[in-house]
>>> print(open('start28.cif').read())   # mmCIF, C-alpha atoms
data_protein
loop_
_atom_site.label_atom_id
_atom_site.label_comp_id
_atom_site.auth_asym_id
_atom_site.auth_seq_id
_atom_site.Cartn_x
_atom_site.Cartn_y
_atom_site.Cartn_z
CA MET A 30 127.25 46.09 128.01
CA LEU A 31 125.22 47.02 124.89
CA LYS A 32 123.44 49.69 126.84
CA ARG A 33 126.75 51.09 128.03
CA PHE A 34 128.10 51.06 124.43
CA ILE A 35 125.08 52.93 123.11
CA THR A 36 125.32 55.47 125.91
CA LYS A 37 128.99 56.20 125.15
CA ARG A 38 128.67 56.18 121.33
CA TRP A 39 125.23 57.80 120.81
CA LYS A 40 126.61 60.79 118.95
CA LEU A 41 128.48 58.58 116.51
CA LEU A 42 125.40 56.43 115.98
CA LEU A 43 123.30 59.52 115.31
CA ILE A 44 125.75 60.74 112.68
CA LEU A 45 125.74 57.32 111.00
CA ALA A 46 121.95 57.29 110.97
CA ILE A 47 121.85 60.71 109.31
CA ILE A 48 124.42 59.64 106.70
CA LEU A 49 122.44 56.49 105.92
CA GLY A 50 119.24 58.51 105.64
CA ILE A 51 120.76 61.01 103.19
CA GLY A 52 122.31 58.22 101.16
CA GLY A 53 119.00 56.40 100.97
CA TYR A 54 117.21 59.56 99.84
CA ILE A 55 119.78 60.19 97.09
CA LEU A 56 119.47 56.58 95.94
CA TYR A 57 115.69 56.98 95.91
CA LEU A 58 115.92 60.09 93.72
CA ARG A 59 118.29 58.36 91.32
CA ASN A 60 116.01 55.38 90.97
CA ASN A 61 112.98 57.59 90.34
CA LYS A 62 114.86 59.63 87.77
CA ALA A 63 115.89 56.50 86.00
CA LYS A 64 112.28 55.45 85.90
CA GLU A 65 111.07 58.70 84.28
CA VAL A 66 109.26 57.97 81.03
CA ILE A 67 110.54 59.82 77.97
CA ASN A 68 107.88 60.39 75.35
CA PHE A 69 108.83 60.26 71.70
CA VAL A 70 106.82 61.30 68.66
CA SER A 71 107.34 60.92 64.92
CA PRO A 72 106.81 63.70 62.36
CA ILE A 73 103.49 63.39 60.55
CA ARG A 74 102.16 64.74 57.27
CA GLN A 75 99.12 67.01 57.42
CA ASP A 76 97.76 70.28 56.06
CA ILE A 77 99.09 73.38 57.80
CA SER A 78 97.95 77.00 57.65
CA GLU A 79 99.75 80.05 58.96
CA THR A 80 97.18 82.57 60.19
CA LEU A 81 97.03 86.09 61.59
CA GLU A 82 94.38 86.86 64.20
CA VAL A 83 92.82 90.31 64.07
CA SER A 84 90.24 91.85 66.40
CA GLY A 85 87.61 94.21 65.03
CA THR A 86 83.99 95.29 64.79
CA VAL A 87 81.08 95.22 62.37
CA ALA A 88 80.66 98.40 60.31
CA ALA A 89 78.74 99.53 57.21
CA LEU A 90 80.27 100.78 53.97
CA GLU A 91 76.99 102.42 52.91
CA THR A 92 75.60 104.76 55.54
CA VAL A 93 74.09 108.22 55.17
CA ARG A 94 72.88 110.97 57.48
CA LEU A 95 70.11 113.12 56.02
CA ARG A 96 69.45 116.64 57.36
CA PHE A 97 67.15 119.52 56.53
CA LEU A 98 69.38 122.39 55.46
CA ALA A 99 67.66 125.04 57.57
CA GLY A 100 65.54 122.90 59.87
CA GLY A 101 61.79 123.36 60.16
CA LYS A 102 58.55 121.94 61.48
CA VAL A 103 57.98 118.29 60.57
CA VAL A 104 54.65 117.69 58.83
CA TYR A 105 55.21 114.09 57.70
CA ILE A 106 57.18 111.09 59.01
CA GLY A 107 57.57 108.24 56.51
CA ALA A 108 59.40 105.67 58.65
CA GLN A 109 60.37 104.77 62.19
CA GLU A 110 63.68 103.57 63.60
CA GLY A 111 64.31 99.94 62.61
CA ASP A 112 62.06 100.08 59.53
CA ALA A 113 63.26 98.76 56.18
CA ILE A 114 63.58 101.63 53.69
CA LYS A 115 63.23 101.47 49.92
CA LYS A 116 65.44 103.45 47.57
CA TRP A 117 64.13 107.04 47.15
CA GLN A 118 61.49 106.48 49.84
CA THR A 119 60.50 109.74 51.59
CA ILE A 120 61.69 109.72 55.19
CA ALA A 121 60.31 113.05 56.38
CA THR A 122 58.88 116.36 55.16
CA ILE A 123 58.95 119.78 56.79
CA ASP A 124 56.53 122.68 56.43
CA GLN A 125 57.29 124.96 53.48
CA ALA A 126 55.14 127.86 54.67
CA SER A 127 57.63 129.29 57.16
CA LEU A 128 60.48 128.79 54.71
CA GLN A 129 58.49 130.56 52.01
CA LYS A 130 57.90 133.56 54.30
CA SER A 131 61.57 133.60 55.22
CA LEU A 132 62.42 133.65 51.53
CA GLU A 133 60.11 136.63 50.96
CA LYS A 134 61.79 138.42 53.86
CA ASP A 135 65.23 137.70 52.42
CA LEU A 136 64.11 139.02 49.03
CA ASN A 137 62.92 142.27 50.64
CA LEU A 138 66.23 142.70 52.45
CA TYR A 139 68.04 142.01 49.21
CA MET A 140 66.06 144.72 47.40
CA GLN A 141 66.76 147.14 50.22
CA GLU A 142 70.48 146.51 49.97
CA ARG A 143 70.27 146.71 46.19
CA TRP A 144 68.64 150.16 46.20
CA ASN A 145 71.21 151.43 48.72
CA TRP A 146 73.91 150.13 46.43
CA GLU A 147 72.36 151.83 43.37
CA ASP A 148 72.17 155.12 45.28
CA THR A 149 75.85 154.87 46.13
CA GLN A 150 76.78 154.12 42.52
CA ASP A 151 74.80 157.17 41.31
CA ASP A 152 76.51 159.33 43.91
CA ILE A 153 80.06 158.40 42.89
CA ARG A 154 79.52 158.05 39.18
CA TYR A 155 81.02 161.43 38.18
CA ARG A 156 83.51 162.11 40.96
CA THR A 157 86.71 160.78 42.41
CA ILE A 158 86.44 158.89 45.71
CA GLU A 159 88.98 158.58 48.50
CA THR A 160 90.21 155.33 50.06
CA PRO A 161 87.98 155.46 53.20
CA GLU A 162 84.90 155.95 51.06
CA GLN A 163 85.99 153.11 48.75
CA ARG A 164 86.18 150.81 51.75
CA ARG A 165 82.62 151.74 52.74
CA ILE A 166 81.47 151.03 49.19
CA ASP A 167 83.23 147.64 49.26
CA ILE A 168 81.44 146.77 52.50
CA GLU A 169 78.11 147.66 50.89
CA GLN A 170 79.00 145.41 47.94
CA TRP A 171 79.73 142.50 50.28
CA ASP A 172 76.48 143.08 52.16
CA LEU A 173 74.59 142.97 48.88
CA THR A 174 76.39 139.75 47.86
CA ASN A 175 75.55 138.14 51.20
CA LYS A 176 71.87 138.96 50.75
CA VAL A 177 71.95 137.24 47.36
CA ILE A 178 73.49 134.17 48.98
CA ASP A 179 70.83 134.19 51.72
CA VAL A 180 68.08 134.16 49.09
CA GLU A 181 69.75 131.29 47.23
CA ILE A 182 70.17 129.26 50.44
CA ARG A 183 66.54 129.76 51.37
CA ASP A 184 65.44 128.72 47.90
CA ILE A 185 67.53 125.55 48.18
CA ALA A 186 66.00 124.82 51.59
CA ILE A 187 62.50 125.07 50.13
CA LYS A 188 63.44 122.67 47.37
CA ASN A 189 64.79 120.26 50.02
CA THR A 190 61.83 120.08 52.35
CA ASN A 191 61.60 116.36 51.56
CA LEU A 192 64.24 113.86 52.68
CA ALA A 193 64.52 110.69 50.58
CA SER A 194 66.86 107.72 51.01
CA PRO A 195 69.49 107.37 48.24
CA PHE A 196 69.58 103.57 48.70
CA ALA A 197 67.60 100.74 50.24
CA GLY A 198 68.44 100.04 53.87
CA ILE A 199 67.36 100.34 57.49
CA LEU A 200 66.53 103.55 59.36
CA THR A 201 68.86 103.35 62.37
CA HIS A 202 68.32 106.84 63.83
CA SER A 203 65.49 109.36 63.76
CA PRO A 204 65.32 112.62 65.75
CA THR A 205 61.55 112.28 66.13
CA THR A 206 58.82 109.67 65.90
CA VAL A 207 55.92 112.04 65.28
CA ALA A 208 55.07 115.04 63.11
CA GLY A 209 54.69 118.54 64.53
CA VAL A 210 58.20 118.66 65.98
CA GLN A 211 60.58 121.51 65.19
CA LEU A 212 63.91 120.21 63.86
CA THR A 213 67.17 122.10 63.68
CA ALA A 214 69.81 121.92 60.95
CA SER A 215 71.87 119.55 63.15
CA ASP A 216 69.12 116.93 63.56
CA TYR A 217 69.58 113.93 61.26
CA PHE A 218 68.05 110.68 60.01
CA GLU A 219 70.57 107.84 59.58
CA ILE A 220 70.14 104.99 57.08
CA VAL A 221 72.40 101.93 56.80
CA ASN A 222 72.57 99.39 53.99
CA PRO A 223 72.69 95.95 55.70
CA ASN A 224 73.99 94.39 52.47
CA ALA A 225 77.14 96.49 52.75
CA LEU A 226 78.21 95.33 56.21
CA VAL A 227 81.89 94.49 56.70
CA PHE A 228 84.15 93.31 59.48
CA VAL A 229 86.75 96.03 60.09
CA GLY A 230 89.97 95.02 61.82
CA ARG A 231 93.32 96.65 62.42
CA VAL A 232 96.62 95.00 61.55
CA ASP A 233 99.88 96.00 63.21
CA GLU A 234 102.45 97.61 60.94
CA ALA A 235 104.77 94.65 61.53
CA ASP A 236 102.23 92.29 59.91
CA VAL A 237 100.56 94.44 57.24
CA SER A 238 103.01 93.32 54.53
CA LYS A 239 101.74 89.76 54.98
CA VAL A 240 98.09 90.70 54.29
CA SER A 241 96.68 91.16 50.78
CA GLN A 242 93.33 91.25 49.02
CA GLY A 243 91.75 87.88 48.32
CA GLN A 244 93.22 86.03 51.31
CA GLU A 245 90.72 83.70 52.94
CA ALA A 246 89.60 84.37 56.50
CA THR A 247 87.32 83.01 59.21
CA ILE A 248 85.32 85.41 61.38
CA ILE A 249 83.82 84.63 64.79
CA LEU A 250 81.64 87.33 66.33
CA ASP A 251 81.28 87.45 70.11
CA ALA A 252 77.49 87.43 69.73
CA PHE A 253 77.61 84.21 67.64
CA GLU A 254 80.48 82.22 69.16
CA ASN A 255 79.30 78.94 67.64
CA LYS A 256 79.24 80.28 64.07
CA GLU A 257 82.31 80.54 61.88
CA LEU A 258 81.81 82.95 58.99
CA SER A 259 83.97 82.40 55.92
CA SER A 260 85.07 85.57 54.16
CA GLN A 261 88.12 87.05 52.47
CA VAL A 262 90.14 90.25 52.66
CA SER A 263 88.57 92.84 50.35
CA TYR A 264 90.52 95.94 51.37
CA VAL A 265 93.85 96.83 52.98
CA ALA A 266 94.30 100.51 53.87
CA PHE A 267 97.10 102.43 52.17
CA SER A 268 97.47 104.93 55.02
CA SER A 269 98.00 104.08 58.68
CA SER A 270 96.23 105.13 61.86
CA GLU A 271 97.64 105.71 65.32
CA THR A 272 95.93 103.72 68.07
CA SER A 273 96.70 102.93 71.71
CA SER A 274 98.53 99.81 70.52
CA GLY A 275 100.68 101.68 68.00
CA THR A 276 100.61 102.13 64.21
CA THR A 277 97.95 100.00 62.53
CA PHE A 278 96.31 99.56 59.13
CA GLU A 279 92.61 98.95 58.50
CA VAL A 280 91.48 95.75 56.77
CA ARG A 281 87.94 94.89 55.67
CA LEU A 282 86.18 91.56 55.23
CA PRO A 283 82.66 91.46 53.71
CA LEU A 284 79.84 90.11 55.90
CA ALA A 285 76.93 90.49 53.48
CA TYR A 286 74.82 87.35 53.13
CA LEU A 287 76.96 85.42 55.66
CA LEU A 288 74.27 85.93 58.30
CA ASP A 289 70.72 87.24 58.25
CA SER A 290 71.10 91.02 58.11
CA GLN A 291 68.55 91.28 60.90
CA GLN A 292 70.94 89.39 63.19
CA LEU A 293 73.94 91.60 62.55
CA ARG A 294 74.41 94.90 64.32
CA ILE A 295 76.88 97.70 63.72
CA GLY A 296 79.50 97.67 66.45
CA LEU A 297 79.47 93.93 67.18
CA ASN A 298 82.91 92.77 68.30
CA GLY A 299 84.76 89.70 67.06
CA ASP A 300 87.96 88.16 65.78
CA ALA A 301 89.11 87.17 62.31
CA LYS A 302 91.76 84.62 61.37
CA ILE A 303 93.36 85.56 58.07
CA VAL A 304 95.10 82.71 56.24
CA LEU A 305 98.52 84.06 55.27
CA ASN A 306 99.99 80.83 53.88
CA GLN A 307 98.89 77.22 53.68
CA LYS A 308 100.39 73.97 52.50
CA ALA A 309 98.93 70.51 52.01
CA ASP A 310 100.66 67.30 53.11
CA ALA A 311 103.44 69.11 54.98
CA LEU A 312 105.83 67.27 57.32
CA THR A 313 105.02 68.62 60.80
CA ILE A 314 106.05 68.24 64.43
CA PRO A 315 104.70 69.76 67.69
CA LEU A 316 105.99 73.26 68.33
CA VAL A 317 106.85 72.37 71.96
CA SER A 318 109.39 69.81 70.78
CA THR A 319 111.60 72.52 69.26
CA ARG A 320 113.95 75.00 70.87
CA GLU A 321 115.90 77.92 69.46
CA ARG A 322 119.52 78.85 70.16
CA ASP A 323 121.73 81.35 68.39
CA GLY A 324 119.22 81.76 65.59
CA LYS A 325 119.01 78.02 64.90
CA VAL A 326 116.30 75.48 65.74
CA TYR A 327 116.98 72.12 67.38
CA VAL A 328 115.12 68.96 68.44
CA ASP A 329 116.20 65.94 70.49
CA LEU A 330 116.40 62.95 68.13
CA LYS A 331 115.95 59.41 69.47
CA THR A 332 119.07 57.29 68.86
CA GLY A 333 118.33 54.33 71.14
CA GLU A 334 116.19 53.09 74.02
CA ASP A 335 115.58 56.27 76.05
CA ILE A 336 118.63 57.80 74.40
CA PHE A 337 118.60 60.94 72.29
CA GLU A 338 120.88 63.53 70.77
CA GLU A 339 120.44 67.11 69.57
CA ARG A 340 119.80 67.76 65.87
CA GLU A 341 119.44 71.00 63.95
CA ILE A 342 116.36 71.33 61.70
CA THR A 343 114.93 73.92 59.32
CA LEU A 344 111.34 75.12 59.81
CA GLY A 345 108.70 76.44 57.41
CA LEU A 346 105.12 77.44 58.23
CA GLN A 347 104.22 77.72 61.89
CA THR A 348 101.02 77.77 63.96
CA ASP A 349 100.41 78.00 67.69
CA GLU A 350 100.69 74.21 67.99
CA ILE A 351 102.63 72.71 65.06
CA VAL A 352 105.47 73.66 62.72
CA GLU A 353 106.49 72.51 59.26
CA VAL A 354 109.87 70.76 58.95
CA LEU A 355 111.68 71.61 55.72
CA SER A 356 114.87 69.65 56.42
CA GLY A 357 116.61 67.68 59.16
CA LEU A 358 113.93 65.05 59.88
CA ASN A 359 111.94 62.34 58.12
CA GLU A 360 108.79 60.41 58.98
CA SER A 361 110.66 57.33 60.22
CA GLU A 362 112.57 59.19 62.94
CA GLU A 363 111.39 60.03 66.44
CA ILE A 364 111.98 63.10 68.61
CA VAL A 365 111.49 63.86 72.29
CA LEU A 366 108.09 65.32 73.17
CA PRO A 367 108.45 67.36 76.39
CA GLU A 368 105.72 66.92 78.97
#
>>> encode(input="start28.cif", output="structure tokens")
Amino acid sequence: MLKRFITKRWKLLLILAIILGIGGYILYLRNNKAKEVINFVSPIRQDISETLEVSGTVAALETVRLRFLAGGKVVYIGAQEGDAIKKWQTIATIDQASLQKSLEKDLNLYMQERWNWEDTQDDIRYRTIETPEQRRIDIEQWDLTNKVIDVEIRDIAIKNTNLASPFAGILTHSPTTVAGVQLTASDYFEIVNPNALVFVGRVDEADVSKVSQGQEATIILDAFENKELSSQVSYVAFSSSETSSGTTFEVRLPLAYLLDSQQLRIGLNGDAKIVLNQKADALTIPLVSTRERDGKVYVDLKTGEDIFEEREITLGLQTDEIVEVLSGLNESEEIVLPE
């Protein structure tokens, strides 16, 4: 009889089994939800600092490129790339002989132009001249003036056949390592003062009003990830620059004496954290425990065993992990800490 009953009512039994299964699953979910652990945390007092992170590179405030005005053949090399240079040390000297001959040639050309000019002046001294002839005379005057300038330039070049460093530093670029090479006027020797190295970063226009001289900062260079260098803002640019990220302003942080100058290199990349504001013994809570709605900030305040209610609070300084509570909470209360 049971077999016959099951055969006739199998559809109904199947539906009942499905209903019981769904009901059991819902009951299981409710029980698990009821068993979820809610974590609470109390506000704590600690020091808090609001910082601004800026990326940048190492640069030098004192750098110079020395060139020979007219070029020439190098007869003396006083230093090689990477050498330490003393103030007023001679870096290189070029041959004066060819420059001297060039000066003599320029003087001869000047005298030639001068005599032509004197002949013209004698010719027009007692007669009226027309406009076309006056133009020709003006051209002759300019030619004569240019010859005078050529002589003066050549004389300056002779006086500058020695290149000397205006400050102590390191020779970072040299167009030649040996004497006997012909240099052009575009070839240069570059000297950098390692005691004038700075970290140069760029601050977005939205944050530049928060940055000022004297603010403390911590610098971490990519080449020295385990070393934190303490510095401070020494310069904030008055004018902006346009970059791929938008309008930015340059800031500088001294690096001198923070590391051995031999370890630092121009162009090293890194990041600086500038301390904008800081407060000691501030009442703080985790940032993740707050939420914002309609311009106001709220937390879930514990009111009983696994029971909480929403409360509005006022915030102060903020970091990536914690925020300062100005009002709305005290140290004896607890708030929900989301997982």
>>> residues_around(input="start28.cif", residues="stretch 344-349 of chain A", least_positions_apart="6", cutoff="12 Å", atoms="only C-alpha atoms", output="ChimeraX atom specification")
/A:76-82,302,304-309,311-317,319-321,324-328,355-358
>>> write_last_selection(input="start28.cif", atoms="C-alpha atoms", output="compact mmCIF listing (two decimals), in the frame of the given file")
# COMPACT_ATOMS: atom_id res chain seq x y z
CA ASP A 76 97.76 70.28 56.06
CA ILE A 77 99.09 73.38 57.80
CA SER A 78 97.95 77.00 57.65
CA GLU A 79 99.75 80.05 58.96
CA THR A 80 97.18 82.57 60.19
CA LEU A 81 97.03 86.09 61.59
CA GLU A 82 94.38 86.86 64.20
CA LYS A 302 91.76 84.62 61.37
CA VAL A 304 95.10 82.71 56.24
CA LEU A 305 98.52 84.06 55.27
CA ASN A 306 99.99 80.83 53.88
CA GLN A 307 98.89 77.22 53.68
CA LYS A 308 100.39 73.97 52.50
CA ALA A 309 98.93 70.51 52.01
CA ALA A 311 103.44 69.11 54.98
CA LEU A 312 105.83 67.27 57.32
CA THR A 313 105.02 68.62 60.80
CA ILE A 314 106.05 68.24 64.43
CA PRO A 315 104.70 69.76 67.69
CA LEU A 316 105.99 73.26 68.33
CA VAL A 317 106.85 72.37 71.96
CA THR A 319 111.60 72.52 69.26
CA ARG A 320 113.95 75.00 70.87
CA GLU A 321 115.90 77.92 69.46
CA GLY A 324 119.22 81.76 65.59
CA LYS A 325 119.01 78.02 64.90
CA VAL A 326 116.30 75.48 65.74
CA TYR A 327 116.98 72.12 67.38
CA VAL A 328 115.12 68.96 68.44
CA LEU A 355 111.68 71.61 55.72
CA SER A 356 114.87 69.65 56.42
CA GLY A 357 116.61 67.68 59.16
CA LEU A 358 113.93 65.05 59.88
>>> closest_residue(input="start28.cif", among="A:Ile158, A:Ile182, A:Val227, A:Ile295", to="A:Ser260", atoms="only C-alpha atoms")
A:Val227
>>> residues_around(input="start28.cif", residues="stretch 212-222 of chain A", least_positions_apart="5", cutoff="10 Å", atoms="only C-alpha atoms", output="ChimeraX atom specification")
/A:88-103,109-114,120-121,123,192,194-205,285,290,295
>>> atom_distance(input="start28.cif", atom1="atom CA of A:Pro161", atom2="atom CA of A:Leu173")
18.8 Å
>>> closest_residue(input="start28.cif", among="A:Arg154, A:Lys116, A:Ala246, A:Ile67", to="A:Ile336", atoms="all atoms listed in the file")
A:Ile67
>>> atom_distance(input="start28.cif", atom1="atom CA of A:Thr272", atom2="atom CA of A:Phe253")
26.8 Å
>>> closest_residue(input="start28.cif", among="A:Tyr264, A:Trp117, A:Phe69, A:Trp144", to="A:Val229", atoms="all atoms listed in the file")
A:Tyr264
>>> closest_residue(input="start28.cif", among="A:Gln242, A:Asn68, A:Thr174, A:Ser84", to="A:Thr277", atoms="all atoms listed in the file")
A:Ser84
>>> residues_around(input="start28.cif", residues="A:Val70", least_positions_apart="2", cutoff="8 Å", atoms="only C-alpha atoms", output="PDB file with C-alpha atoms, in the frame of the given file")
ATOM      1  CA  ASN A  68     107.880  60.390  75.350  1.00  0.00           C
ATOM      2  CA  PRO A  72     106.810  63.700  62.360  1.00  0.00           C
ATOM      3  CA  GLU A 363     111.390  60.030  66.440  1.00  0.00           C
ATOM      4  CA  ILE A 364     111.980  63.100  68.610  1.00  0.00           C
ATOM      5  CA  VAL A 365     111.490  63.860  72.290  1.00  0.00           C
ATOM      6  CA  LEU A 366     108.090  65.320  73.170  1.00  0.00           C
TER       7      LEU A 366
END
>>> closest_residue(input="start28.cif", among="A:Val83, A:Leu330, A:Ala225, A:Lys188", to="A:Val237", atoms="only C-alpha atoms")
A:Val83
>>> atom_distance(input="start28.cif", atom1="atom CA of A:Ala266", atom2="atom CA of A:Arg231")
9.4 Å
>>> residues_around(input="start28.cif", residues="A:Leu258", least_positions_apart="5", cutoff="10 Å", atoms="all atoms listed in the file", output="list in words")
Ala246, Thr247, Ile248, Ile249, Leu250, Phe253, Leu284, Leu287, Leu288 and Ala301 of chain A
>>> axis_aligned_box(input="start28.cif", around="stretch 107-114 of chain A", padding_each_side="6 Å", output="AutoDock Vina command-line options")
--center_x 60.9 --center_y 103.5 --center_z 58.6 --size_x 18.7 --size_y 21.5 --size_z 21.9
>>> residues_around(input="start28.cif", residues="A:Lys130", least_positions_apart="6", cutoff="12 Å", atoms="all atoms listed in the file", output="compact mmCIF listing (two decimals) with C-alpha atoms, in the frame of the given file")
# COMPACT_ATOMS: atom_id res chain seq x y z
CA ASP A 124 56.53 122.68 56.43
CA LEU A 136 64.11 139.02 49.03
CA ASN A 137 62.92 142.27 50.64
CA VAL A 180 68.08 134.16 49.09
CA ARG A 183 66.54 129.76 51.37
CA ASP A 184 65.44 128.72 47.90
CA ILE A 187 62.50 125.07 50.13
>>> closest_residue(input="start28.cif", among="A:Met140, A:Val280, A:Ile47, A:Ala252", to="A:Lys176", atoms="only C-alpha atoms")
A:Met140
>>> build_atoms(input="start28.cif", residues="stretch 158-173 of chain A", atoms="N, CA and C atoms", output="mmCIF file, in the frame of the given file")
data_model
loop_
_atom_site.group_PDB
_atom_site.id
_atom_site.type_symbol
_atom_site.label_atom_id
_atom_site.label_comp_id
_atom_site.auth_asym_id
_atom_site.auth_seq_id
_atom_site.Cartn_x
_atom_site.Cartn_y
_atom_site.Cartn_z
ATOM 1 N N ILE A 158 86.690 159.257 44.316
ATOM 2 C CA ILE A 158 86.440 158.890 45.710
ATOM 3 C C ILE A 158 87.769 158.578 46.394
ATOM 4 N N GLU A 159 87.798 158.866 47.694
ATOM 5 C CA GLU A 159 88.980 158.580 48.500
ATOM 6 C C GLU A 159 88.941 157.145 49.024
ATOM 7 N N THR A 160 90.085 156.711 49.571
ATOM 8 C CA THR A 160 90.210 155.330 50.060
ATOM 9 C C THR A 160 89.187 154.986 51.149
ATOM 10 N N PRO A 161 88.983 155.814 52.171
ATOM 11 C CA PRO A 161 87.980 155.460 53.200
ATOM 12 C C PRO A 161 86.588 155.260 52.609
ATOM 13 N N GLU A 162 86.210 156.108 51.664
ATOM 14 C CA GLU A 162 84.900 155.950 51.060
ATOM 15 C C GLU A 162 84.829 154.692 50.213
ATOM 16 N N GLN A 163 85.949 154.330 49.561
ATOM 17 C CA GLN A 163 85.990 153.110 48.750
ATOM 18 C C GLN A 163 85.796 151.874 49.629
ATOM 19 N N ARG A 164 86.365 151.920 50.827
ATOM 20 C CA ARG A 164 86.180 150.810 51.750
ATOM 21 C C ARG A 164 84.714 150.658 52.137
ATOM 22 N N ARG A 165 84.039 151.799 52.394
ATOM 23 C CA ARG A 165 82.620 151.740 52.740
ATOM 24 C C ARG A 165 81.803 151.162 51.588
ATOM 25 N N ILE A 166 82.177 151.536 50.372
ATOM 26 C CA ILE A 166 81.470 151.030 49.190
ATOM 27 C C ILE A 166 81.692 149.515 49.055
ATOM 28 N N ASP A 167 82.936 149.084 49.329
ATOM 29 C CA ASP A 167 83.230 147.640 49.260
ATOM 30 C C ASP A 167 82.399 146.868 50.271
ATOM 31 N N ILE A 168 82.253 147.431 51.467
ATOM 32 C CA ILE A 168 81.440 146.770 52.500
ATOM 33 C C ILE A 168 79.989 146.644 52.031
ATOM 34 N N GLU A 169 79.480 147.693 51.412
ATOM 35 C CA GLU A 169 78.110 147.660 50.890
ATOM 36 C C GLU A 169 77.973 146.581 49.808
ATOM 37 N N GLN A 170 79.014 146.437 48.983
ATOM 38 C CA GLN A 170 79.000 145.410 47.940
ATOM 39 C C GLN A 170 78.950 144.012 48.558
ATOM 40 N N TRP A 171 79.727 143.811 49.617
ATOM 41 C CA TRP A 171 79.730 142.500 50.280
ATOM 42 C C TRP A 171 78.384 142.222 50.957
ATOM 43 N N ASP A 172 77.796 143.251 51.545
ATOM 44 C CA ASP A 172 76.480 143.080 52.160
ATOM 45 C C ASP A 172 75.443 142.653 51.121
ATOM 46 N N LEU A 173 75.518 143.315 49.954
ATOM 47 C CA LEU A 173 74.590 142.970 48.880
ATOM 48 C C LEU A 173 74.819 141.517 48.420
#
